[in-house]
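The file upload_20.cif comes next; it holds mmCIF, C-alpha atoms and all ligand atoms.
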data_final
#
loop_
_atom_site.label_atom_id
_atom_site.label_comp_id
_atom_site.auth_asym_id
_atom_site.auth_seq_id
_atom_site.Cartn_x
_atom_site.Cartn_y
_atom_site.Cartn_z
CA MET V 1 -43.17 -2.69 -50.02
CA SER V 2 -42.37 -0.91 -46.76
CA ILE V 3 -41.04 -2.42 -43.56
CA GLN V 4 -41.81 -1.04 -40.15
CA LEU V 5 -40.30 -2.16 -36.88
CA ASN V 6 -42.07 -0.83 -33.81
CA ASN V 7 -40.06 -1.05 -30.60
CA VAL V 8 -38.68 -4.41 -31.61
CA SER V 9 -36.16 -5.98 -29.27
CA LYS V 10 -34.42 -9.31 -28.88
CA THR V 11 -32.86 -10.88 -25.83
CA TYR V 12 -31.23 -14.29 -26.01
CA HIS V 13 -31.18 -16.44 -22.90
CA LEU V 14 -28.25 -18.76 -22.50
CA LYS V 15 -27.57 -20.90 -19.44
CA GLY V 16 -28.93 -18.36 -16.98
CA ARG V 17 -27.26 -15.48 -18.80
CA SER V 18 -29.10 -13.09 -21.07
CA VAL V 19 -27.75 -11.13 -24.04
CA GLU V 20 -29.70 -8.12 -25.24
CA ALA V 21 -28.79 -8.49 -28.92
CA LEU V 22 -31.21 -5.75 -30.01
CA LYS V 23 -32.43 -2.96 -27.75
CA PRO V 24 -35.95 -1.62 -28.44
CA THR V 25 -35.66 -0.33 -32.00
CA SER V 26 -38.07 1.42 -34.33
CA LEU V 27 -37.29 1.69 -38.00
CA LYS V 28 -39.18 2.45 -41.18
CA VAL V 29 -37.81 1.33 -44.53
CA GLU V 30 -39.73 2.89 -47.40
CA THR V 31 -41.01 1.03 -50.44
CA GLY V 32 -38.34 0.68 -53.12
CA GLU V 33 -35.47 1.97 -51.03
CA ILE V 34 -32.11 0.36 -50.32
CA TYR V 35 -31.48 0.56 -46.60
CA GLY V 36 -28.04 -0.35 -45.27
CA LEU V 37 -27.08 -1.34 -41.75
CA ILE V 38 -23.40 -1.14 -40.92
CA GLY V 39 -21.63 -2.12 -37.73
CA TYR V 40 -18.80 -4.17 -36.34
CA SER V 41 -19.13 -7.78 -35.29
CA GLY V 42 -21.65 -8.30 -32.50
CA ALA V 43 -23.45 -4.99 -33.11
CA GLY V 44 -26.77 -6.75 -33.65
CA LYS V 45 -27.09 -6.48 -37.44
CA SER V 46 -27.93 -10.13 -38.15
CA THR V 47 -30.40 -10.17 -35.31
CA LEU V 48 -32.19 -7.11 -36.68
CA LEU V 49 -32.24 -8.52 -40.22
CA ARG V 50 -33.58 -11.88 -39.10
CA LEU V 51 -36.32 -10.17 -37.12
CA ILE V 52 -37.68 -8.64 -40.32
CA ASN V 53 -38.74 -12.02 -41.70
CA LEU V 54 -39.21 -13.45 -38.23
CA LEU V 55 -36.42 -16.01 -38.61
CA GLU V 56 -35.88 -14.69 -35.09
CA LYS V 57 -38.93 -14.04 -32.96
CA PRO V 58 -38.82 -10.63 -31.30
CA SER V 59 -38.86 -10.56 -27.50
CA ALA V 60 -41.13 -7.49 -27.81
CA GLY V 61 -42.51 -5.17 -30.45
CA SER V 62 -44.12 -5.65 -33.82
CA VAL V 63 -42.89 -6.15 -37.39
CA ILE V 64 -45.11 -4.76 -40.14
CA VAL V 65 -44.36 -5.60 -43.77
CA GLY V 66 -46.64 -3.75 -46.16
CA GLU V 67 -50.05 -4.15 -44.59
CA ASP V 68 -49.24 -7.30 -42.63
CA ASN V 69 -48.30 -7.47 -38.99
CA LEU V 70 -45.99 -10.51 -39.20
CA THR V 71 -45.89 -10.87 -35.43
CA GLU V 72 -49.60 -11.68 -35.46
CA LEU V 73 -49.66 -14.22 -38.30
CA THR V 74 -50.24 -17.92 -37.68
CA PRO V 75 -47.22 -20.15 -38.42
CA LYS V 76 -48.80 -21.26 -41.71
CA ALA V 77 -49.68 -17.73 -42.83
CA LEU V 78 -46.16 -16.63 -41.91
CA ARG V 79 -44.64 -19.42 -44.02
CA ILE V 80 -46.61 -18.23 -47.03
CA ARG V 81 -45.89 -14.55 -46.36
CA ARG V 82 -42.16 -15.30 -46.13
CA GLN V 83 -42.13 -16.46 -49.75
CA LYS V 84 -42.45 -12.79 -50.64
CA ILE V 85 -39.41 -11.89 -48.55
CA GLY V 86 -36.26 -13.12 -50.27
CA MET V 87 -32.98 -13.53 -48.44
CA ILE V 88 -29.37 -13.94 -49.53
CA PHE V 89 -26.44 -14.99 -47.39
CA GLN V 90 -22.68 -14.56 -47.07
CA GLN V 91 -22.10 -18.29 -47.67
CA PHE V 92 -24.69 -18.42 -50.50
CA ASN V 93 -26.60 -21.41 -48.98
CA LEU V 94 -26.77 -23.42 -52.21
CA ILE V 95 -27.11 -27.17 -52.57
CA GLU V 96 -23.56 -27.73 -53.76
CA SER V 97 -24.17 -31.17 -55.29
CA LYS V 98 -26.99 -29.91 -57.51
CA THR V 99 -26.95 -27.91 -60.74
CA VAL V 100 -27.79 -24.25 -60.99
CA TYR V 101 -31.13 -25.22 -62.54
CA GLU V 102 -31.96 -27.68 -59.74
CA ASN V 103 -31.02 -25.16 -57.07
CA ILE V 104 -33.62 -22.72 -58.35
CA GLU V 105 -36.12 -25.44 -59.13
CA PHE V 106 -35.92 -26.56 -55.50
CA VAL V 107 -37.20 -23.19 -54.26
CA LEU V 108 -40.00 -23.07 -56.85
CA LYS V 109 -41.13 -26.59 -56.00
CA ALA V 110 -41.16 -25.80 -52.28
CA SER V 111 -43.46 -22.86 -52.92
CA LYS V 112 -45.73 -24.99 -55.13
CA TYR V 113 -45.03 -22.89 -58.21
CA SER V 114 -47.11 -24.08 -61.17
CA LYS V 115 -45.09 -27.02 -62.53
CA LYS V 116 -45.47 -26.17 -66.18
CA ASP V 117 -44.21 -22.63 -65.64
CA VAL V 118 -41.03 -23.67 -63.81
CA PRO V 119 -38.64 -24.00 -66.81
CA ALA V 120 -39.61 -20.60 -68.21
CA ARG V 121 -39.32 -18.99 -64.79
CA ILE V 122 -35.84 -20.45 -64.27
CA GLU V 123 -34.75 -19.23 -67.68
CA GLU V 124 -36.06 -15.76 -66.84
CA LEU V 125 -34.25 -15.72 -63.49
CA LEU V 126 -30.96 -16.92 -64.99
CA LYS V 127 -31.16 -14.16 -67.57
CA LEU V 128 -31.84 -11.60 -64.87
CA VAL V 129 -28.75 -12.58 -62.87
CA GLY V 130 -26.56 -13.06 -65.96
CA LEU V 131 -26.10 -16.83 -65.80
CA ASN V 132 -28.01 -17.93 -68.92
CA ASP V 133 -25.28 -20.34 -69.94
CA LYS V 134 -24.67 -21.92 -66.53
CA SER V 135 -27.96 -23.78 -66.05
CA SER V 136 -26.49 -27.30 -66.10
CA ILE V 137 -23.31 -26.58 -64.14
CA ASN V 138 -22.97 -27.99 -60.65
CA ALA V 139 -23.09 -25.31 -57.95
CA SER V 140 -19.80 -26.60 -56.55
CA ASN V 141 -18.07 -25.64 -59.81
CA LEU V 142 -19.12 -21.99 -59.73
CA SER V 143 -17.04 -19.02 -58.59
CA GLY V 144 -18.12 -17.10 -55.48
CA GLY V 145 -19.70 -14.35 -57.55
CA GLN V 146 -21.61 -16.87 -59.68
CA LYS V 147 -22.79 -18.67 -56.55
CA GLN V 148 -24.14 -15.42 -55.17
CA ARG V 149 -25.92 -14.83 -58.49
CA VAL V 150 -27.64 -18.19 -58.05
CA GLY V 151 -28.42 -17.17 -54.46
CA ILE V 152 -30.06 -14.03 -55.80
CA ALA V 153 -32.02 -15.99 -58.43
CA ARG V 154 -33.29 -18.30 -55.70
CA ALA V 155 -34.23 -15.37 -53.49
CA LEU V 156 -36.16 -13.74 -56.35
CA ALA V 157 -37.84 -16.92 -57.57
CA ASN V 158 -41.19 -16.16 -55.98
CA ASN V 159 -41.28 -12.49 -56.99
CA PRO V 160 -40.64 -11.09 -53.53
CA ASP V 161 -41.23 -7.45 -52.73
CA ILE V 162 -38.43 -7.40 -50.19
CA LEU V 163 -34.88 -8.70 -50.37
CA LEU V 164 -32.81 -9.13 -47.20
CA CYS V 165 -29.06 -9.34 -47.74
CA ASP V 166 -26.94 -10.81 -44.94
CA GLU V 167 -23.28 -9.83 -45.59
CA ALA V 168 -23.97 -10.81 -49.21
CA THR V 169 -20.59 -9.72 -50.55
CA SER V 170 -18.32 -10.37 -47.57
CA ALA V 171 -16.92 -13.57 -49.06
CA LEU V 172 -16.18 -11.94 -52.42
CA ASP V 173 -13.20 -10.04 -53.83
CA PRO V 174 -13.58 -6.29 -54.51
CA ASP V 175 -14.36 -6.59 -58.23
CA THR V 176 -16.92 -9.34 -57.72
CA THR V 177 -18.40 -7.33 -54.85
CA LYS V 178 -18.90 -4.41 -57.24
CA SER V 179 -20.61 -6.58 -59.84
CA ILE V 180 -22.97 -8.11 -57.27
CA LEU V 181 -23.79 -4.66 -55.87
CA ASN V 182 -24.54 -3.48 -59.40
CA LEU V 183 -26.84 -6.42 -59.89
CA LEU V 184 -28.65 -5.60 -56.64
CA LYS V 185 -28.98 -1.95 -57.67
CA ASN V 186 -30.37 -3.04 -61.01
CA ILE V 187 -32.88 -5.39 -59.39
CA ASN V 188 -33.96 -2.63 -57.04
CA LYS V 189 -34.47 -0.23 -59.93
CA THR V 190 -36.12 -2.50 -62.46
CA LEU V 191 -38.25 -4.62 -60.12
CA GLY V 192 -38.86 -1.98 -57.44
CA ILE V 193 -37.85 -4.40 -54.69
CA THR V 194 -37.12 -2.93 -51.26
CA ILE V 195 -33.66 -4.02 -50.13
CA VAL V 196 -32.19 -4.20 -46.63
CA ILE V 197 -28.51 -5.00 -46.54
CA ILE V 198 -26.30 -5.61 -43.52
CA THR V 199 -22.54 -5.35 -43.74
CA HIS V 200 -19.37 -4.35 -41.92
CA GLU V 201 -17.96 -2.90 -45.16
CA MET V 202 -18.18 0.81 -46.00
CA GLU V 203 -17.55 -0.13 -49.60
CA VAL V 204 -20.99 -1.75 -49.74
CA ILE V 205 -22.86 1.06 -48.03
CA LYS V 206 -21.27 3.89 -50.00
CA GLU V 207 -22.03 2.11 -53.26
CA ILE V 208 -25.60 1.08 -52.72
CA ALA V 209 -27.46 2.40 -49.66
CA ASP V 210 -29.94 5.26 -50.03
CA ARG V 211 -30.15 5.50 -46.26
CA VAL V 212 -27.98 3.97 -43.60
CA GLY V 213 -28.20 3.01 -39.96
CA VAL V 214 -24.97 2.65 -37.98
CA MET V 215 -25.30 -0.08 -35.37
CA SER V 216 -23.40 -0.59 -32.14
CA GLY V 217 -24.23 -2.38 -28.91
CA GLY V 218 -27.61 -3.60 -30.12
CA GLU V 219 -28.94 -0.26 -31.33
CA ILE V 220 -28.95 2.07 -34.29
CA ILE V 221 -26.83 4.92 -32.99
CA GLU V 222 -26.91 7.16 -36.05
CA SER V 223 -29.01 7.11 -39.19
CA GLY V 224 -30.10 9.11 -42.19
CA GLU V 225 -29.42 9.65 -45.86
CA THR V 226 -26.10 7.91 -46.58
CA TYR V 227 -24.18 10.92 -47.88
CA SER V 228 -25.26 13.19 -45.07
CA VAL V 229 -24.42 10.60 -42.38
CA PHE V 230 -20.89 10.08 -43.68
CA SER V 231 -20.16 13.69 -44.61
CA HIS V 232 -21.15 14.83 -41.12
CA PRO V 233 -20.63 11.84 -38.83
CA LYS V 234 -21.52 12.43 -35.20
CA GLU V 235 -20.67 9.20 -33.40
CA LYS V 236 -17.14 7.88 -32.93
CA ILE V 237 -17.93 4.62 -34.75
CA THR V 238 -19.38 6.46 -37.74
CA LYS V 239 -16.20 8.59 -37.88
CA ASP V 240 -14.12 5.40 -37.72
CA PHE V 241 -16.00 4.01 -40.72
CA VAL V 242 -15.24 7.19 -42.68
CA GLN V 243 -11.58 7.03 -41.65
CA GLU V 244 -11.55 3.41 -42.83
CA ILE V 245 -12.24 4.33 -46.46
CA TYR V 246 -9.84 7.26 -46.62
CA ASN V 247 -7.14 5.49 -44.66
CA PHE V 248 -5.14 8.63 -43.81
CA GLU V 249 -2.45 8.51 -41.19
CA THR V 250 -0.54 11.39 -39.70
CA PRO V 251 3.15 10.57 -40.27
CA PRO V 252 4.53 9.67 -36.82
CA GLN V 253 7.68 11.75 -37.34
CA ILE V 254 5.63 14.95 -37.40
CA LYS V 255 5.58 16.50 -33.94
CA GLU V 256 2.80 19.04 -33.85
CA THR V 257 3.55 22.42 -32.27
CA PRO V 258 1.80 25.82 -32.60
CA ASP V 259 4.09 26.62 -35.55
CA ASN V 260 3.92 23.21 -37.22
CA GLN V 261 0.53 21.62 -37.58
CA VAL V 262 -1.32 18.97 -39.53
CA ILE V 263 -4.69 20.08 -40.85
CA THR V 264 -7.29 17.92 -42.57
CA ILE V 265 -10.05 19.54 -44.53
CA GLN V 266 -13.17 18.05 -46.02
CA PHE V 267 -14.70 19.28 -49.24
CA LEU V 268 -18.02 18.33 -50.73
CA SER V 269 -17.45 18.97 -54.42
CA GLU V 270 -15.06 17.84 -57.11
CA ASN V 271 -11.81 19.75 -57.79
CA ALA V 272 -12.59 22.12 -54.93
CA GLU V 273 -9.31 21.29 -53.23
CA GLU V 274 -7.09 22.43 -56.11
CA ASN V 275 -8.50 25.94 -56.31
CA TYR V 276 -8.64 26.17 -52.59
CA LEU V 277 -5.03 25.15 -52.07
CA ASN V 278 -3.91 27.74 -54.64
CA GLN V 279 -5.82 30.32 -52.64
CA LEU V 280 -4.04 29.27 -49.46
CA TYR V 281 -0.62 29.34 -51.13
CA ARG V 282 -1.31 32.85 -52.41
CA ASN V 283 -2.81 34.34 -49.27
CA PHE V 284 -0.71 32.93 -46.47
CA ASP V 285 2.93 33.28 -45.73
CA LEU V 286 3.33 29.64 -44.69
CA ASN V 287 4.95 26.45 -45.87
CA ILE V 288 2.16 24.16 -46.94
CA SER V 289 2.88 20.59 -47.97
CA ILE V 290 0.30 18.01 -48.89
CA LEU V 291 0.43 14.73 -46.94
CA ASN V 292 -2.57 12.97 -48.38
CA GLY V 293 -5.67 13.60 -50.43
CA ARG V 294 -8.50 11.51 -51.73
CA ILE V 295 -12.00 11.76 -53.15
CA GLU V 296 -14.50 8.96 -52.67
CA TYR V 297 -17.98 8.80 -54.10
CA ILE V 298 -20.76 8.11 -51.65
CA LYS V 299 -23.93 7.29 -53.53
CA GLU V 300 -22.26 8.96 -56.52
CA LYS V 301 -21.64 12.24 -54.68
CA PRO V 302 -18.04 13.30 -54.12
CA LEU V 303 -16.64 13.52 -50.61
CA GLY V 304 -13.00 14.52 -50.42
CA PHE V 305 -10.38 14.97 -47.73
CA LEU V 306 -7.07 16.69 -47.95
CA MET V 307 -4.41 16.46 -45.29
CA PHE V 308 -1.56 18.94 -45.22
CA GLN V 309 1.21 20.13 -43.01
CA VAL V 310 1.59 23.86 -42.37
CA SER V 311 4.57 25.43 -40.77
CA GLY V 312 5.58 29.00 -40.12
CA ASN V 313 4.40 31.72 -37.80
CA ALA V 314 1.91 30.37 -35.22
CA GLN V 315 -0.34 33.42 -35.56
CA GLU V 316 -0.38 33.03 -39.33
CA ILE V 317 -1.42 29.38 -38.89
CA GLU V 318 -4.28 30.50 -36.65
CA ARG V 319 -5.32 33.03 -39.33
CA LEU V 320 -5.31 30.21 -41.89
CA LYS V 321 -7.50 28.03 -39.68
CA THR V 322 -9.99 30.86 -39.20
CA HIS V 323 -10.02 31.37 -42.95
CA ILE V 324 -10.78 27.67 -43.50
CA ASP V 325 -13.54 27.75 -40.91
CA LYS V 326 -15.21 30.65 -42.69
CA THR V 327 -15.06 29.08 -46.16
CA PRO V 328 -18.38 27.59 -47.28
CA GLY V 329 -18.16 23.96 -48.45
CA ILE V 330 -14.82 23.36 -46.71
CA GLU V 331 -14.55 22.05 -43.17
CA ARG V 332 -11.73 21.23 -40.84
CA VAL V 333 -12.10 17.74 -39.39
CA GLY V 334 -10.28 16.04 -36.57
CA TYR V 335 -11.21 12.43 -37.13
CA ILE V 336 -9.27 11.69 -40.30
CA GLY V 337 -5.62 10.85 -39.85
N1 LIG V 401 -28.67 -17.41 -31.17
C1 LIG V 401 -28.00 -16.64 -30.30
N2 LIG V 401 -27.89 -17.01 -29.01
C2 LIG V 401 -27.25 -16.22 -28.12
N3 LIG V 401 -26.67 -15.04 -28.41
C3 LIG V 401 -26.73 -14.63 -29.67
C4 LIG V 401 -27.40 -15.40 -30.68
N4 LIG V 401 -27.30 -14.72 -31.85
C5 LIG V 401 -26.61 -13.59 -31.58
N5 LIG V 401 -26.27 -13.52 -30.27
C6 LIG V 401 -25.53 -12.43 -29.62
O1 LIG V 401 -26.20 -11.21 -29.91
C7 LIG V 401 -25.29 -10.16 -30.18
C8 LIG V 401 -25.55 -9.59 -31.56
O2 LIG V 401 -25.23 -10.57 -32.53
P1 LIG V 401 -25.47 -10.38 -34.10
O3 LIG V 401 -25.07 -11.66 -34.77
O4 LIG V 401 -26.84 -9.87 -34.33
O5 LIG V 401 -24.42 -9.24 -34.45
P2 LIG V 401 -23.82 -8.83 -35.85
O6 LIG V 401 -23.70 -7.36 -35.83
O7 LIG V 401 -24.62 -9.44 -36.93
O8 LIG V 401 -22.39 -9.47 -35.80
P3 LIG V 401 -21.74 -10.56 -36.78
O9 LIG V 401 -21.46 -9.85 -38.05
O10 LIG V 401 -20.50 -10.97 -36.05
O11 LIG V 401 -22.76 -11.67 -36.89
C9 LIG V 401 -23.90 -10.77 -30.00
O12 LIG V 401 -23.47 -10.49 -28.69
C10 LIG V 401 -24.13 -12.25 -30.19
O13 LIG V 401 -23.19 -13.01 -29.50
#
Can you give me the file's structure in the form of structure tokens?
Amino acid sequence: MSIQLNNVSKTYHLKGRSVEALKPTSLKVETGEIYGLIGYSGAGKSTLLRLINLLEKPSAGSVIVGEDNLTELTPKALRIRRQKIGMIFQQFNLIESKTVYENIEFVLKASKYSKKDVPARIEELLKLVGLNDKSSINASNLSGGQKQRVGIARALANNPDILLCDEATSALDPDTTKSILNLLKNINKTLGITIVIITHEMEVIKEIADRVGVMSGGEIIESGETYSVFSHPKEKITKDFVQEIYNFETPPQIKETPDNQVITIQFLSENAEENYLNQLYRNFDLNISILNGRIEYIKEKPLGFLMFQVSGNAQEIERLKTHIDKTPGIERVGYIG
């Protein structure tokens, strides 16, 4: 199911002071897509996410989910509509003193799920999230990853068509994060559920998001298909997020001069850098030494950077730079390192 925000904004009023947490924002998330929102703390991500299911009431604008304008529903109709919008949280929001079974049962009971169908539904959900054997364990005895699996089972209990994920993996270690992201991808694929995920971690976005919006200062400052946003970032913050995953640093002892320079190139396909470097070694009378190199996969497409130091004749270095700039698929970038 699609989500459409039309000029939605949110201003909080606190003791005579107002905070514009979300500037007027329009956004369309297509049916079945995974849309990621990334930004640093205070960017407005949680506010935007909570406006989608109206946990926060917008100060202006409308929220359309599928055919329904949520902003126009009565409180009762909204309560019912919300059952079809699942949500998972960073801190899992489980009832720690209850078993896995009871945690899911609680959600089904609250939505008046047919009593006789509850046990079968819980079994089905536990299978889906890979916790078949944990039904009678107390939530407090589960690992973080298992807790989030229960969180996901709860969120899916009423067969929602949308799943909102609020920093769902931020409390988890990298391996557990990967397994939860895989589960979310699987759920998206097999059940066709539209997913919106907010995070401050590139790791999450590059793994899972079909499209991404980069948030800062209460607005989406850059957006598009995930690979194209991060292979050609325009805004400083987007470049910083790219730099974060490659983690290159120019060695401080290198003093750049016209005849001694550090160059970082980006390449968009696998193994491109090896052939290319050989070409440079052959065709330029320069000392070239590699400082750093790394390929990451963004939505399964390779994006690589290579940082090297060149020294020699300044004119020859300029000729090398011109050569790089004319090579298709290779770009010189200034924001890495
Ligand atoms: N209930 C509230 N009352 C007042 N101000 C709020 C409230 N909720 C959020 N804000 C403010 O709105 C701005 C955006 O906050 P929001 O939580 O949406 O950002 P975020 O990107 O999700 O950051 P974080 O990851 O730290 O939660 C911040 O300046 C925050 O202090």
* **Exercise answer, 9 Å around ligand LIG 401 (chain V) with all atoms listed in the file, as a ChimeraX atom specification** => /V:10-14,18-22,38-50,56,166-167,198-200,215-218
Could you give me the axis-aligned bounding box of stretch 110-123 of chain V, with 3 Å of padding per side, as centre plus edge lengths in Å to one decimal, as AutoDock Vina command-line options?
--center_x -40.9 --center_y -23.0 --center_z -60.2 --size_x 18.4 --size_y 14.0 --size_z 21.9
* Near-V:Glu270 list (12 Å; all atoms listed in the file; drop same-chain fewer than 2 positions) as a count of residues only -> 20
* Which residue gives the smallest distance to V:Ser311 among V:Leu191, V:Ile254, V:Met87, V:Leu277, with only C-alpha atoms counted? ->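 The answer is V:Ile254, which sits nearest to V:Ser311.
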* Structure fact -> The distance between atom CA of V:Val150 and atom CA of V:Leu125 is 8.9 Å
Spatial neighbours of V:Asp240, 12 Å, all atoms listed in the file, chain gap at least 6 places, as an mmCIF file with C-alpha atoms, in the coordinates of the input:
data_model
loop_
_atom_site.group_PDB
_atom_site.id
_atom_site.type_symbol
_atom_site.label_atom_id
_atom_site.label_comp_id
_atom_site.auth_asym_id
_atom_site.auth_seq_id
_atom_site.Cartn_x
_atom_site.Cartn_y
_atom_site.Cartn_z
ATOM 1 C CA ILE V 38 -23.400 -1.140 -40.920
ATOM 2 C CA GLY V 39 -21.630 -2.120 -37.730
ATOM 3 C CA TYR V 40 -18.800 -4.170 -36.340
ATOM 4 C CA HIS V 200 -19.370 -4.350 -41.920
ATOM 5 C CA GLU V 201 -17.960 -2.900 -45.160
ATOM 6 C CA MET V 202 -18.180 0.810 -46.000
ATOM 7 C CA VAL V 214 -24.970 2.650 -37.980
ATOM 8 C CA PHE V 230 -20.890 10.080 -43.680
ATOM 9 C CA PRO V 233 -20.630 11.840 -38.830
ATOM 10 C CA LYS V 234 -21.520 12.430 -35.200
ATOM 11 C CA TYR V 246 -9.840 7.260 -46.620
ATOM 12 C CA ASN V 247 -7.140 5.490 -44.660
ATOM 13 C CA PHE V 248 -5.140 8.630 -43.810
ATOM 14 C CA GLY V 334 -10.280 16.040 -36.570
ATOM 15 C CA TYR V 335 -11.210 12.430 -37.130
ATOM 16 C CA ILE V 336 -9.270 11.690 -40.300
ATOM 17 C CA GLY V 337 -5.620 10.850 -39.850
#
* To do: Go through V:Val310, V:Ile187, V:Ile180, V:Ile220 and flag the residue nearest V:Lys255, using all atoms listed in the file for the distances.
  =>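 Distance minimum relative to V:Lys255 lands on V:Val310.
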* Identify, on the basis of all atoms listed in the file, every residue whose closest approach to V:Ala168 does not exceed 9 Å; exclude the query and any residue fewer than 3 positions from it along the same chain; express the result as a list in words. => Ile88, Phe89, Gln90, Gln91, Phe92, Gln148, Cys165, Ala171, Leu172, Thr177, Ile180, Ile197, Ile198 and Thr199 of chain V
